[in-house]
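So this block is final.pdb, PDB, C-alpha atoms and all ligand atoms:
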ATOM      1  CA  MET A   1     133.748 -59.118-182.984
ATOM      2  CA  LYS A   2     134.565 -57.221-179.865
ATOM      3  CA  GLY A   3     136.959 -59.955-178.815
ATOM      4  CA  LEU A   4     138.612 -59.861-182.215
ATOM      5  CA  THR A   5     139.056 -56.114-181.909
ATOM      6  CA  ARG A   6     140.814 -56.693-178.594
ATOM      7  CA  ILE A   7     143.158 -59.244-180.122
ATOM      8  CA  ILE A   8     144.023 -56.978-183.011
ATOM      9  CA  PHE A   9     144.524 -54.305-180.425
ATOM     10  CA  GLY A  10     146.943 -56.471-178.488
ATOM     11  CA  LEU A  11     148.865 -57.238-181.664
ATOM     12  CA  ILE A  12     148.971 -53.571-182.598
ATOM     13  CA  SER A  13     150.277 -52.727-179.129
ATOM     14  CA  CYS A  14     152.934 -55.320-179.765
ATOM     15  CA  PHE A  15     153.792 -53.930-183.192
ATOM     16  CA  MET A  16     153.994 -50.415-181.828
ATOM     17  CA  ALA A  17     156.057 -51.561-178.937
ATOM     18  CA  MET A  18     158.537 -53.200-181.260
ATOM     19  CA  ASN A  19     158.975 -50.143-183.460
ATOM     20  CA  PRO A  20     162.487 -48.740-183.183
ATOM     21  CA  GLY A  21     162.481 -45.762-180.904
ATOM     22  CA  PHE A  22     159.346 -46.920-179.141
ATOM     23  CA  ALA A  23     160.876 -49.442-176.810
ATOM     24  CA  GLN A  24     163.672 -51.843-176.419
ATOM     25  CA  GLN A  25     163.583 -54.935-178.607
ATOM     26  CA  THR A  26     162.961 -58.249-176.932
ATOM     27  CA  SER A  27     166.319 -59.392-175.624
ATOM     28  CA  ALA A  28     167.468 -61.267-172.563
ATOM     29  CA  ILE A  29     164.892 -60.887-169.822
ATOM     30  CA  LYS A  30     166.634 -59.758-166.682
ATOM     31  CA  ALA A  31     165.945 -58.300-163.257
ATOM     32  CA  GLU A  32     167.466 -54.974-162.253
ATOM     33  CA  PRO A  33     167.343 -54.116-158.556
ATOM     34  CA  ILE A  34     165.901 -50.628-157.995
ATOM     35  CA  ALA A  35     165.554 -50.859-154.203
ATOM     36  CA  ASP A  36     166.423 -53.510-151.587
ATOM     37  CA  ASN A  37     163.547 -55.817-152.462
ATOM     38  CA  VAL A  38     162.197 -54.196-155.582
ATOM     39  CA  PHE A  39     163.172 -55.249-159.098
ATOM     40  CA  MET A  40     162.390 -53.998-162.567
ATOM     41  CA  ILE A  41     162.251 -56.694-165.249
ATOM     42  CA  THR A  42     163.561 -55.539-168.608
ATOM     43  CA  GLY A  43     164.148 -57.221-171.956
ATOM     44  CA  GLY A  44     160.530 -58.077-172.789
ATOM     45  CA  ILE A  45     158.184 -56.077-175.004
ATOM     46  CA  ALA A  46     156.989 -54.226-171.905
ATOM     47  CA  ASN A  47     158.834 -53.752-168.622
ATOM     48  CA  ALA A  48     157.554 -55.673-165.617
ATOM     49  CA  GLY A  49     158.736 -56.060-162.042
ATOM     50  CA  PHE A  50     158.577 -57.885-158.738
ATOM     51  CA  ILE A  51     158.742 -57.150-155.044
ATOM     52  CA  ILE A  52     160.094 -59.566-152.453
ATOM     53  CA  GLY A  53     158.092 -59.415-149.231
ATOM     54  CA  ASP A  54     158.803 -61.055-145.864
ATOM     55  CA  LYS A  55     157.426 -64.423-146.931
ATOM     56  CA  GLU A  56     156.327 -64.138-150.531
ATOM     57  CA  VAL A  57     156.833 -62.455-153.875
ATOM     58  CA  LEU A  58     154.493 -60.149-155.776
ATOM     59  CA  ALA A  59     154.976 -59.754-159.543
ATOM     60  CA  ILE A  60     153.931 -56.735-161.579
ATOM     61  CA  ASP A  61     152.601 -57.431-165.099
ATOM     62  CA  ALA A  62     152.819 -60.672-167.005
ATOM     63  CA  GLY A  63     154.625 -60.056-170.304
ATOM     64  CA  MET A  64     153.361 -60.537-173.843
ATOM     65  CA  THR A  65     153.712 -64.319-174.165
ATOM     66  CA  ALA A  66     153.766 -67.388-171.934
ATOM     67  CA  ASP A  67     157.425 -67.725-172.917
ATOM     68  CA  ASP A  68     158.169 -64.224-171.577
ATOM     69  CA  ALA A  69     156.343 -65.176-168.390
ATOM     70  CA  ALA A  70     158.398 -68.365-168.024
ATOM     71  CA  LYS A  71     161.617 -66.341-168.348
ATOM     72  CA  MET A  72     160.275 -63.840-165.855
ATOM     73  CA  LEU A  73     159.479 -66.639-163.359
ATOM     74  CA  ASP A  74     162.941 -68.044-163.894
ATOM     75  CA  THR A  75     164.497 -64.682-163.132
ATOM     76  CA  ILE A  76     162.450 -64.389-159.942
ATOM     77  CA  LYS A  77     163.502 -67.897-158.848
ATOM     78  CA  LYS A  78     167.160 -67.029-159.378
ATOM     79  CA  THR A  79     166.737 -63.998-157.129
ATOM     80  CA  THR A  80     164.761 -65.461-154.223
ATOM     81  CA  GLU A  81     163.530 -68.771-152.832
ATOM     82  CA  LYS A  82     160.309 -67.202-151.585
ATOM     83  CA  PRO A  83     157.180 -68.290-153.450
ATOM     84  CA  LEU A  84     155.353 -66.091-155.923
ATOM     85  CA  THR A  85     151.810 -65.652-154.580
ATOM     86  CA  LYS A  86     150.549 -62.380-156.046
ATOM     87  CA  LEU A  87     150.418 -60.671-159.421
ATOM     88  CA  VAL A  88     149.377 -57.059-160.023
ATOM     89  CA  LEU A  89     148.365 -56.008-163.547
ATOM     90  CA  THR A  90     148.857 -52.334-164.421
ATOM     91  CA  HIS A  91     146.322 -52.447-167.286
ATOM     92  CA  SER A  92     144.767 -54.748-169.859
ATOM     93  CA  ASP A  93     147.022 -54.302-172.927
ATOM     94  CA  GLY A  94     148.285 -57.516-174.500
ATOM     95  CA  ASP A  95     151.967 -56.733-174.008
ATOM     96  CA  HIS A  96     151.349 -56.512-170.243
ATOM     97  CA  ILE A  97     148.909 -59.381-169.688
ATOM     98  CA  ASN A  98     148.872 -61.958-172.480
ATOM     99  CA  GLY A  99     151.766 -63.835-170.886
ATOM    100  CA  ILE A 100     149.593 -64.567-167.893
ATOM    101  CA  GLY A 101     148.979 -68.145-169.085
ATOM    102  CA  GLY A 102     152.647 -68.871-168.334
ATOM    103  CA  PHE A 103     152.089 -68.156-164.627
ATOM    104  CA  PRO A 104     151.052 -70.871-162.167
ATOM    105  CA  LYS A 105     147.321 -71.109-161.505
ATOM    106  CA  GLY A 106     145.963 -70.092-158.115
ATOM    107  CA  LEU A 107     147.783 -66.769-157.707
ATOM    108  CA  GLU A 108     146.001 -63.787-156.218
ATOM    109  CA  ILE A 109     145.674 -61.523-159.257
ATOM    110  CA  TYR A 110     145.029 -57.823-158.649
ATOM    111  CA  ALA A 111     143.677 -55.300-161.146
ATOM    112  CA  SER A 112     141.270 -52.383-161.249
ATOM    113  CA  GLU A 113     137.617 -53.130-161.988
ATOM    114  CA  GLY A 114     137.995 -51.498-165.419
ATOM    115  CA  ALA A 115     140.999 -53.647-166.343
ATOM    116  CA  ARG A 116     139.214 -56.833-165.266
ATOM    117  CA  LYS A 117     136.240 -55.936-167.448
ATOM    118  CA  GLU A 118     138.514 -55.288-170.443
ATOM    119  CA  MET A 119     140.314 -58.585-169.843
ATOM    120  CA  ALA A 120     137.040 -60.512-169.563
ATOM    121  CA  GLU A 121     135.972 -59.099-172.945
ATOM    122  CA  ALA A 122     139.351 -59.787-174.569
ATOM    123  CA  PHE A 123     139.429 -63.372-173.280
ATOM    124  CA  GLU A 124     136.176 -64.139-175.128
ATOM    125  CA  ALA A 125     138.262 -64.298-178.322
ATOM    126  CA  PRO A 126     138.891 -67.942-179.336
ATOM    127  CA  GLN A 127     142.679 -67.527-179.207
ATOM    128  CA  LEU A 128     142.600 -66.154-175.659
ATOM    129  CA  GLN A 129     139.891 -68.316-174.073
ATOM    130  CA  GLY A 130     142.525 -70.333-172.218
ATOM    131  CA  LEU A 131     143.378 -67.199-170.239
ATOM    132  CA  LYS A 132     139.938 -67.029-168.630
ATOM    133  CA  ALA A 133     141.320 -68.999-165.675
ATOM    134  CA  TYR A 134     143.575 -66.009-164.990
ATOM    135  CA  LEU A 135     141.016 -63.237-164.627
ATOM    136  CA  PRO A 136     141.840 -60.980-161.664
ATOM    137  CA  THR A 137     140.683 -62.399-158.346
ATOM    138  CA  GLN A 138     140.884 -59.114-156.414
ATOM    139  CA  THR A 139     139.665 -55.852-157.918
ATOM    140  CA  PHE A 140     139.320 -52.308-156.652
ATOM    141  CA  SER A 141     137.766 -49.063-157.878
ATOM    142  CA  GLU A 142     140.069 -46.367-156.464
ATOM    143  CA  LYS A 143     142.589 -47.795-154.051
ATOM    144  CA  MET A 144     143.699 -50.907-152.262
ATOM    145  CA  GLU A 145     146.565 -51.874-149.964
ATOM    146  CA  ILE A 146     148.588 -55.065-150.096
ATOM    147  CA  ASP A 147     150.569 -56.104-147.059
ATOM    148  CA  LEU A 148     153.779 -57.960-147.854
ATOM    149  CA  GLY A 149     155.119 -57.588-144.315
ATOM    150  CA  SER A 150     157.793 -54.926-144.238
ATOM    151  CA  GLU A 151     156.745 -53.661-147.656
ATOM    152  CA  ARG A 152     153.426 -51.812-147.795
ATOM    153  CA  ILE A 153     152.030 -51.566-151.279
ATOM    154  CA  ARG A 154     149.371 -49.168-152.482
ATOM    155  CA  LEU A 155     147.355 -49.761-155.634
ATOM    156  CA  LEU A 156     145.758 -46.615-157.033
ATOM    157  CA  HIS A 157     143.401 -45.925-159.906
ATOM    158  CA  PHE A 158     142.951 -42.248-160.773
ATOM    159  CA  GLY A 159     140.266 -42.637-163.462
ATOM    160  CA  PRO A 160     140.332 -43.480-167.174
ATOM    161  CA  ALA A 161     143.604 -42.420-168.852
ATOM    162  CA  HIS A 162     145.623 -44.767-171.134
ATOM    163  CA  THR A 163     142.725 -47.264-170.739
ATOM    164  CA  SER A 164     139.650 -47.310-168.489
ATOM    165  CA  GLY A 165     141.484 -49.266-165.807
ATOM    166  CA  ASP A 166     145.084 -48.148-165.257
ATOM    167  CA  THR A 167     146.674 -49.024-161.936
ATOM    168  CA  VAL A 168     149.601 -47.235-160.296
ATOM    169  CA  LEU A 169     151.511 -49.391-157.803
ATOM    170  CA  PHE A 170     153.115 -47.102-155.241
ATOM    171  CA  LEU A 171     155.787 -48.057-152.700
ATOM    172  CA  PRO A 172     155.996 -45.205-150.152
ATOM    173  CA  GLU A 173     159.207 -46.370-148.501
ATOM    174  CA  PRO A 174     161.577 -46.577-151.493
ATOM    175  CA  LYS A 175     159.453 -43.858-153.186
ATOM    176  CA  ILE A 176     158.928 -45.868-156.350
ATOM    177  CA  ALA A 177     155.797 -45.962-158.501
ATOM    178  CA  PHE A 178     155.080 -48.532-161.215
ATOM    179  CA  ILE A 179     152.911 -46.562-163.627
ATOM    180  CA  GLY A 180     152.200 -48.942-166.531
ATOM    181  CA  ASP A 181     151.755 -47.052-169.784
ATOM    182  CA  LEU A 182     150.716 -43.682-168.319
ATOM    183  CA  VAL A 183     153.968 -42.134-169.543
ATOM    184  CA  PHE A 184     155.863 -42.723-172.784
ATOM    185  CA  LEU A 185     159.023 -40.695-172.816
ATOM    186  CA  GLY A 186     160.205 -39.255-176.118
ATOM    187  CA  ARG A 187     156.893 -39.680-177.927
ATOM    188  CA  ASP A 188     153.224 -38.877-177.481
ATOM    189  CA  PRO A 189     151.310 -41.076-175.065
ATOM    190  CA  LEU A 190     148.908 -43.662-176.410
ATOM    191  CA  ILE A 191     145.314 -43.220-175.378
ATOM    192  CA  HIS A 192     143.097 -46.189-176.178
ATOM    193  CA  ARG A 193     139.679 -44.595-176.771
ATOM    194  CA  GLN A 194     138.305 -48.042-177.629
ATOM    195  CA  LYS A 195     139.067 -48.996-174.037
ATOM    196  CA  GLY A 196     137.647 -45.827-172.533
ATOM    197  CA  GLY A 197     140.948 -43.957-172.243
ATOM    198  CA  THR A 198     140.793 -40.137-172.259
ATOM    199  CA  SER A 199     143.308 -37.303-172.573
ATOM    200  CA  LEU A 200     141.706 -35.233-169.798
ATOM    201  CA  GLY A 201     141.839 -38.326-167.585
ATOM    202  CA  LEU A 202     145.495 -38.837-168.453
ATOM    203  CA  ILE A 203     146.231 -35.268-167.335
ATOM    204  CA  GLN A 204     144.431 -35.938-164.039
ATOM    205  CA  SER A 205     146.285 -39.212-163.539
ATOM    206  CA  LEU A 206     149.687 -37.630-164.169
ATOM    207  CA  GLN A 207     148.861 -34.798-161.760
ATOM    208  CA  ALA A 208     147.850 -37.394-159.143
ATOM    209  CA  ILE A 209     151.067 -39.363-159.766
ATOM    210  CA  LEU A 210     153.114 -36.211-159.200
ATOM    211  CA  GLU A 211     151.316 -35.688-155.888
ATOM    212  CA  LEU A 212     152.614 -39.042-154.646
ATOM    213  CA  ASP A 213     155.814 -38.869-152.649
ATOM    214  CA  ALA A 214     157.751 -40.823-155.298
ATOM    215  CA  ASP A 215     160.981 -39.960-157.054
ATOM    216  CA  ARG A 216     161.397 -42.884-159.456
ATOM    217  CA  TYR A 217     158.807 -44.225-161.866
ATOM    218  CA  VAL A 218     158.788 -47.508-163.764
ATOM    219  CA  ALA A 219     156.844 -47.226-167.022
ATOM    220  CA  GLY A 220     156.118 -49.961-169.545
ATOM    221  CA  HIS A 221     158.414 -48.869-172.342
ATOM    222  CA  ASN A 222     161.196 -46.659-170.993
ATOM    223  CA  ALA A 223     164.205 -46.829-168.728
ATOM    224  CA  ILE A 224     163.398 -45.746-165.171
ATOM    225  CA  LEU A 225     161.917 -42.233-165.149
ATOM    226  CA  SER A 226     162.543 -39.231-162.921
ATOM    227  CA  ARG A 227     160.068 -36.734-161.599
ATOM    228  CA  SER A 228     161.006 -34.228-164.283
ATOM    229  CA  ASP A 229     160.316 -36.876-166.962
ATOM    230  CA  VAL A 230     156.761 -37.239-165.641
ATOM    231  CA  GLU A 231     156.423 -33.441-165.465
ATOM    232  CA  LYS A 232     157.547 -33.226-169.107
ATOM    233  CA  ALA A 233     154.972 -35.835-170.156
ATOM    234  CA  LEU A 234     152.259 -33.891-168.317
ATOM    235  CA  LYS A 235     153.243 -30.603-169.942
ATOM    236  CA  ASN A 236     153.310 -32.189-173.413
ATOM    237  CA  ILE A 237     149.731 -33.422-173.140
ATOM    238  CA  GLN A 238     148.486 -30.263-171.400
ATOM    239  CA  ASP A 239     149.917 -28.115-174.210
ATOM    240  CA  LYS A 240     148.352 -30.279-176.911
ATOM    241  CA  VAL A 241     144.968 -30.389-175.166
ATOM    242  CA  SER A 242     144.834 -26.618-174.735
ATOM    243  CA  LYS A 243     145.824 -25.957-178.364
ATOM    244  CA  VAL A 244     143.250 -28.481-179.664
ATOM    245  CA  GLN A 245     140.654 -26.983-177.301
ATOM    246  CA  SER A 246     141.016 -23.526-178.813
ATOM    247  CA  LEU A 247     140.840 -24.950-182.354
ATOM    248  CA  VAL A 248     137.655 -26.870-181.465
ATOM    249  CA  GLN A 249     136.186 -23.680-179.974
ATOM    250  CA  ASP A 250     137.008 -21.869-183.237
ATOM    251  CA  GLY A 251     134.940 -24.489-185.055
ATOM    252  CA  LYS A 252     137.924 -26.072-186.865
ATOM    253  CA  SER A 253     137.476 -29.480-188.463
ATOM    254  CA  LEU A 254     139.613 -32.486-187.579
ATOM    255  CA  ASP A 255     141.624 -32.031-190.795
ATOM    256  CA  GLU A 256     142.209 -28.349-190.072
ATOM    257  CA  THR A 257     143.259 -29.198-186.526
ATOM    258  CA  LYS A 258     145.706 -31.820-187.728
ATOM    259  CA  LYS A 259     147.135 -29.348-190.274
ATOM    260  CA  ALA A 260     147.645 -26.813-187.492
ATOM    261  CA  PHE A 261     149.919 -29.394-185.850
ATOM    262  CA  GLY A 262     151.623 -30.249-189.145
ATOM    263  CA  ILE A 263     150.053 -33.716-189.246
ATOM    264  CA  GLU A 264     149.498 -34.512-192.922
ATOM    265  CA  GLU A 265     147.554 -37.734-192.798
ATOM    266  CA  SER A 266     146.226 -40.143-190.279
ATOM    267  CA  PRO A 267     148.792 -42.888-189.572
ATOM    268  CA  ALA A 268     145.768 -45.206-189.455
ATOM    269  CA  LYS A 269     145.441 -44.753-193.228
ATOM    270  CA  ALA A 270     149.149 -44.980-193.971
ATOM    271  CA  GLY A 271     149.074 -48.758-194.344
ATOM    272  CA  GLY A 272     149.977 -51.346-191.749
ATOM    273  CA  PHE A 273     148.849 -51.119-188.165
ATOM    274  CA  SER A 274     149.105 -47.899-186.277
ATOM    275  CA  PHE A 275     147.168 -45.684-183.936
ATOM    276  CA  PRO A 276     145.683 -42.274-184.686
ATOM    277  CA  SER A 277     147.800 -39.346-183.589
ATOM    278  CA  LEU A 278     147.354 -37.964-180.095
ATOM    279  CA  VAL A 279     145.980 -34.771-181.661
ATOM    280  CA  GLU A 280     143.224 -36.772-183.378
ATOM    281  CA  VAL A 281     142.375 -38.588-180.142
ATOM    282  CA  ILE A 282     142.177 -35.288-178.252
ATOM    283  CA  TYR A 283     140.117 -33.636-181.016
ATOM    284  CA  LEU A 284     137.538 -36.439-181.127
ATOM    285  CA  GLU A 285     137.281 -36.406-177.351
ATOM    286  CA  LEU A 286     136.907 -32.619-177.002
ATOM    287  CA  ALA A 287     134.545 -32.328-179.961
ATOM    288  CA  GLY A 288     132.375 -35.018-178.367
ATOM    289  CA  LYS A 289     132.778 -37.422-181.319
ATOM    290  CA  LYS A 290     132.515 -41.178-181.046
TER     291      LYS A 290
HETATM  292 ZN    ZN B 301     149.388 -50.226-172.721
END

Would you mind writing the file's structure down as structure tokens?
Amino acid sequence: MKGLTRIIFGLISCFMAMNPGFAQQTSAIKAEPIADNVFMITGGIANAGFIIGDKEVLAIDAGMTADDAAKMLDTIKKTTEKPLTKLVLTHSDGDHINGIGGFPKGLEIYASEGARKEMAEAFEAPQLQGLKAYLPTQTFSEKMEIDLGSERIRLLHFGPAHTSGDTVLFLPEPKIAFIGDLVFLGRDPLIHRQKGGTSLGLIQSLQAILELDADRYVAGHNAILSRSDVEKALKNIQDKVSKVQSLVQDGKSLDETKKAFGIEESPAKAGGFSFPSLVEVIYLELAGKK
């Protein structure tokens, strides 16, 4: 059942990602250079990327389907003759990892311990069992460095946020951070409580991201972000958390809290697949509800 929940979850992520205004539709997958050897891959359900090192290539995230992954590999091959040897996964959501079966076997696959655990659970589902061969081979709890020669890469996990195992990939030299789904510009962030994500953790992670010496941020579902975009995302969630906190302290119910924000009904009950509002997620977390 747990595996099934994960699959549904992946599909919901996909559905949400395809909603107009949430992200770009799937179109031609292409690589956009954002530094000398650093590329952002756009056109899939979720953005991905790759970094060309002295002798090898490291990819970031795997796309939603094996077909996306094949297009991504094609794009990399058109850009460089160096072999792809490493893959970093920012987190365990289906639109970032389910394409992994389209990658060659034998890669070094990096993820946080939390993301690996979530993937191992998800891959128990009958439809995803074939992906078990692609479970991360290198995991870390807080930080790890990858040496690609001239490019030094830092992997950082700042605690549960969007999921239990989000990874930020930071490149100190070009001052770029790949931040997975820790920021969604123009809408509330998603926090997957089922995966151990928390709003207080998301605040901590965004504060930690802003402490990095980065000035451009690649998120899963937006064009490249600036520092002020990340600051805006942090302020949005801080404001909502503090307002919900005072309502919880006043003994307000979930319905009363939602009304205070003008939220009429839970999107979860509005038919179709959707996630609860951020306010609901924060309320349940602060009120200590399951
Ligand atoms: Zn995600």

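Pairwise distance (atom CA of A:Pro136, atom CA of A:Val230) equals 28.3 Å.
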
* Please provide as a PyMOL selection string all residues within 7 Å of A:Ile191, with the sequence filter that same-chain residues fewer than 6 positions apart are discarded (counting all atoms listed in the file). => chain A and resi 161-163+197-199

* To do: For stretch 234-248 of chain A, work out the shell of residues within 9 Å, counting only C-alpha atoms and skipping chain neighbours fewer than 3 positions away, then give it as a PyMOL selection string.
  => chain A and resi 183+188-189+199-200+202-203+206-207+229-231+251-254+256-257+260+278-279+282-283+286-287

* Length of the atom CA of A:Gly196 to atom CA of A:Asp61 vector [Å] -> 20.3 Å

Contacts of chain A with ligand ZN 301 (chain B) up to 12 Å, shortest pair per row, only C-alpha atoms and all ligand atoms, as CSV:
residue,atom,partner,partner_atom,distance
A:Phe9,CA,B:ZN301,ZN,10.0
A:Gly10,CA,B:ZN301,ZN,8.8
A:Leu11,CA,B:ZN301,ZN,11.4
A:Ile12,CA,B:ZN301,ZN,10.4
A:Ser13,CA,B:ZN301,ZN,6.9
A:Cys14,CA,B:ZN301,ZN,9.4
A:Phe15,CA,B:ZN301,ZN,11.9
A:Met16,CA,B:ZN301,ZN,10.2
A:Ala17,CA,B:ZN301,ZN,9.2
A:Ile45,CA,B:ZN301,ZN,10.8
A:Ala46,CA,B:ZN301,ZN,8.6
A:Asn47,CA,B:ZN301,ZN,10.9
A:Asp61,CA,B:ZN301,ZN,11.0
A:Gly63,CA,B:ZN301,ZN,11.4
A:Met64,CA,B:ZN301,ZN,11.1
A:Leu89,CA,B:ZN301,ZN,10.9
A:Thr90,CA,B:ZN301,ZN,8.6
A:His91,CA,B:ZN301,ZN,6.6
A:Ser92,CA,B:ZN301,ZN,7.1
A:Asp93,CA,B:ZN301,ZN,4.7
A:Gly94,CA,B:ZN301,ZN,7.6
A:Asp95,CA,B:ZN301,ZN,7.1
A:His96,CA,B:ZN301,ZN,7.0
A:Ile97,CA,B:ZN301,ZN,9.7
A:Asn98,CA,B:ZN301,ZN,11.7
A:Ala115,CA,B:ZN301,ZN,11.1
A:Ala161,CA,B:ZN301,ZN,10.5
A:His162,CA,B:ZN301,ZN,6.8
A:Thr163,CA,B:ZN301,ZN,7.6
A:Ser164,CA,B:ZN301,ZN,11.0
A:Gly165,CA,B:ZN301,ZN,10.5
A:Asp166,CA,B:ZN301,ZN,8.9
A:Thr167,CA,B:ZN301,ZN,11.2
A:Ile179,CA,B:ZN301,ZN,10.4
A:Gly180,CA,B:ZN301,ZN,6.9
A:Asp181,CA,B:ZN301,ZN,4.9
A:Leu182,CA,B:ZN301,ZN,8.0
A:Val183,CA,B:ZN301,ZN,9.8
A:Phe184,CA,B:ZN301,ZN,9.9
A:Pro189,CA,B:ZN301,ZN,9.6
A:Leu190,CA,B:ZN301,ZN,7.5
A:Ile191,CA,B:ZN301,ZN,8.5
A:His192,CA,B:ZN301,ZN,8.2
A:Arg193,CA,B:ZN301,ZN,11.9
A:Lys195,CA,B:ZN301,ZN,10.5
A:Gly197,CA,B:ZN301,ZN,10.5
A:Ala219,CA,B:ZN301,ZN,9.9
A:Gly220,CA,B:ZN301,ZN,7.4
A:His221,CA,B:ZN301,ZN,9.1

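Distances to A:Met144 were evaluated for A:Lys77, A:Lys71, A:His157, A:Lys132 using only C-alpha atoms, and the minimum falls at A:His157.
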
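For the pair atom CA of A:Gln138 and atom CA of A:Ile52, the interatomic distance is 19.6 Å.
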
* So which residues touch A:Thr80 within 12 Å, counting only C-alpha atoms, skipping near sequence neighbours fewer than 3 positions away, as an MDAnalysis selection string? -> chainID A and resid 31 37:39 50:58 73:77 83:84

Might you spell out which residues the PyMOL selection byres (((chain A and resi 102-105) around 8) and not hetatm) would select in the displayed file, as a CSV table (one decimal) with C-alpha atoms, in the coordinates of the input?
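Full text of expr_18.csv as output:
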chain,number,residue,atom,x,y,z
A,62,ALA,CA,152.8,-60.7,-167.0
A,65,THR,CA,153.7,-64.3,-174.2
A,66,ALA,CA,153.8,-67.4,-171.9
A,67,ASP,CA,157.4,-67.7,-172.9
A,68,ASP,CA,158.2,-64.2,-171.6
A,69,ALA,CA,156.3,-65.2,-168.4
A,70,ALA,CA,158.4,-68.4,-168.0
A,73,LEU,CA,159.5,-66.6,-163.4
A,99,GLY,CA,151.8,-63.8,-170.9
A,100,ILE,CA,149.6,-64.6,-167.9
A,101,GLY,CA,149.0,-68.1,-169.1
A,106,GLY,CA,146.0,-70.1,-158.1
A,107,LEU,CA,147.8,-66.8,-157.7
A,133,ALA,CA,141.3,-69.0,-165.7
A,134,TYR,CA,143.6,-66.0,-165.0

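Take the candidates A:Ala28, A:Ile153, A:Ile263, A:Val88 and check each one against A:Leu135 using all atoms listed in the file; the shortest distance goes to A:Val88.
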
Since the input has fewer atoms than a full residue there, write stretch 100-115 of chain A out with N, CA and C atoms, as a PDB file, in the frame of the given file.
ATOM      1  N   ILE A 100     150.102 -64.099-169.188  1.00  0.00           N
ATOM      2  CA  ILE A 100     149.593 -64.567-167.893  1.00  0.00           C
ATOM      3  C   ILE A 100     149.403 -66.092-167.850  1.00  0.00           C
ATOM      4  N   GLY A 101     149.150 -66.692-169.034  1.00  0.00           N
ATOM      5  CA  GLY A 101     148.979 -68.145-169.085  1.00  0.00           C
ATOM      6  C   GLY A 101     150.251 -68.902-168.711  1.00  0.00           C
ATOM      7  N   GLY A 102     151.394 -68.228-168.721  1.00  0.00           N
ATOM      8  CA  GLY A 102     152.647 -68.871-168.334  1.00  0.00           C
ATOM      9  C   GLY A 102     152.880 -68.846-166.825  1.00  0.00           C
ATOM     10  N   PHE A 103     151.975 -68.213-166.090  1.00  0.00           N
ATOM     11  CA  PHE A 103     152.089 -68.156-164.627  1.00  0.00           C
ATOM     12  C   PHE A 103     151.370 -69.355-164.010  1.00  0.00           C
ATOM     13  N   PRO A 104     151.782 -69.763-162.808  1.00  0.00           N
ATOM     14  CA  PRO A 104     151.052 -70.871-162.167  1.00  0.00           C
ATOM     15  C   PRO A 104     149.622 -70.455-161.860  1.00  0.00           C
ATOM     16  N   LYS A 105     148.719 -71.419-161.871  1.00  0.00           N
ATOM     17  CA  LYS A 105     147.321 -71.109-161.505  1.00  0.00           C
ATOM     18  C   LYS A 105     147.238 -70.915-159.990  1.00  0.00           C
ATOM     19  N   GLY A 106     146.195 -70.225-159.551  1.00  0.00           N
ATOM     20  CA  GLY A 106     145.963 -70.092-158.115  1.00  0.00           C
ATOM     21  C   GLY A 106     146.598 -68.862-157.478  1.00  0.00           C
ATOM     22  N   LEU A 107     147.227 -68.006-158.278  1.00  0.00           N
ATOM     23  CA  LEU A 107     147.783 -66.769-157.707  1.00  0.00           C
ATOM     24  C   LEU A 107     146.652 -65.804-157.360  1.00  0.00           C
ATOM     25  N   GLU A 108     146.916 -64.919-156.409  1.00  0.00           N
ATOM     26  CA  GLU A 108     146.001 -63.787-156.218  1.00  0.00           C
ATOM     27  C   GLU A 108     146.363 -62.778-157.307  1.00  0.00           C
ATOM     28  N   ILE A 109     145.393 -62.446-158.145  1.00  0.00           N
ATOM     29  CA  ILE A 109     145.674 -61.523-159.257  1.00  0.00           C
ATOM     30  C   ILE A 109     144.890 -60.229-159.031  1.00  0.00           C
ATOM     31  N   TYR A 110     145.615 -59.125-158.966  1.00  0.00           N
ATOM     32  CA  TYR A 110     145.029 -57.823-158.649  1.00  0.00           C
ATOM     33  C   TYR A 110     144.961 -56.947-159.892  1.00  0.00           C
ATOM     34  N   ALA A 111     143.813 -56.292-160.069  1.00  0.00           N
ATOM     35  CA  ALA A 111     143.677 -55.300-161.146  1.00  0.00           C
ATOM     36  C   ALA A 111     142.519 -54.383-160.780  1.00  0.00           C
ATOM     37  N   SER A 112     142.422 -53.260-161.474  1.00  0.00           N
ATOM     38  CA  SER A 112     141.270 -52.383-161.249  1.00  0.00           C
ATOM     39  C   SER A 112     140.032 -53.038-161.854  1.00  0.00           C
ATOM     40  N   GLU A 113     138.873 -52.577-161.437  1.00  0.00           N
ATOM     41  CA  GLU A 113     137.617 -53.130-161.988  1.00  0.00           C
ATOM     42  C   GLU A 113     137.569 -52.958-163.500  1.00  0.00           C
ATOM     43  N   GLY A 114     138.030 -51.773-163.973  1.00  0.00           N
ATOM     44  CA  GLY A 114     137.995 -51.498-165.419  1.00  0.00           C
ATOM     45  C   GLY A 114     138.883 -52.467-166.189  1.00  0.00           C
ATOM     46  N   ALA A 115     140.075 -52.738-165.650  1.00  0.00           N
ATOM     47  CA  ALA A 115     140.999 -53.647-166.343  1.00  0.00           C
ATOM     48  C   ALA A 115     140.424 -55.057-166.375  1.00  0.00           C
TER      49      ALA A 115
END
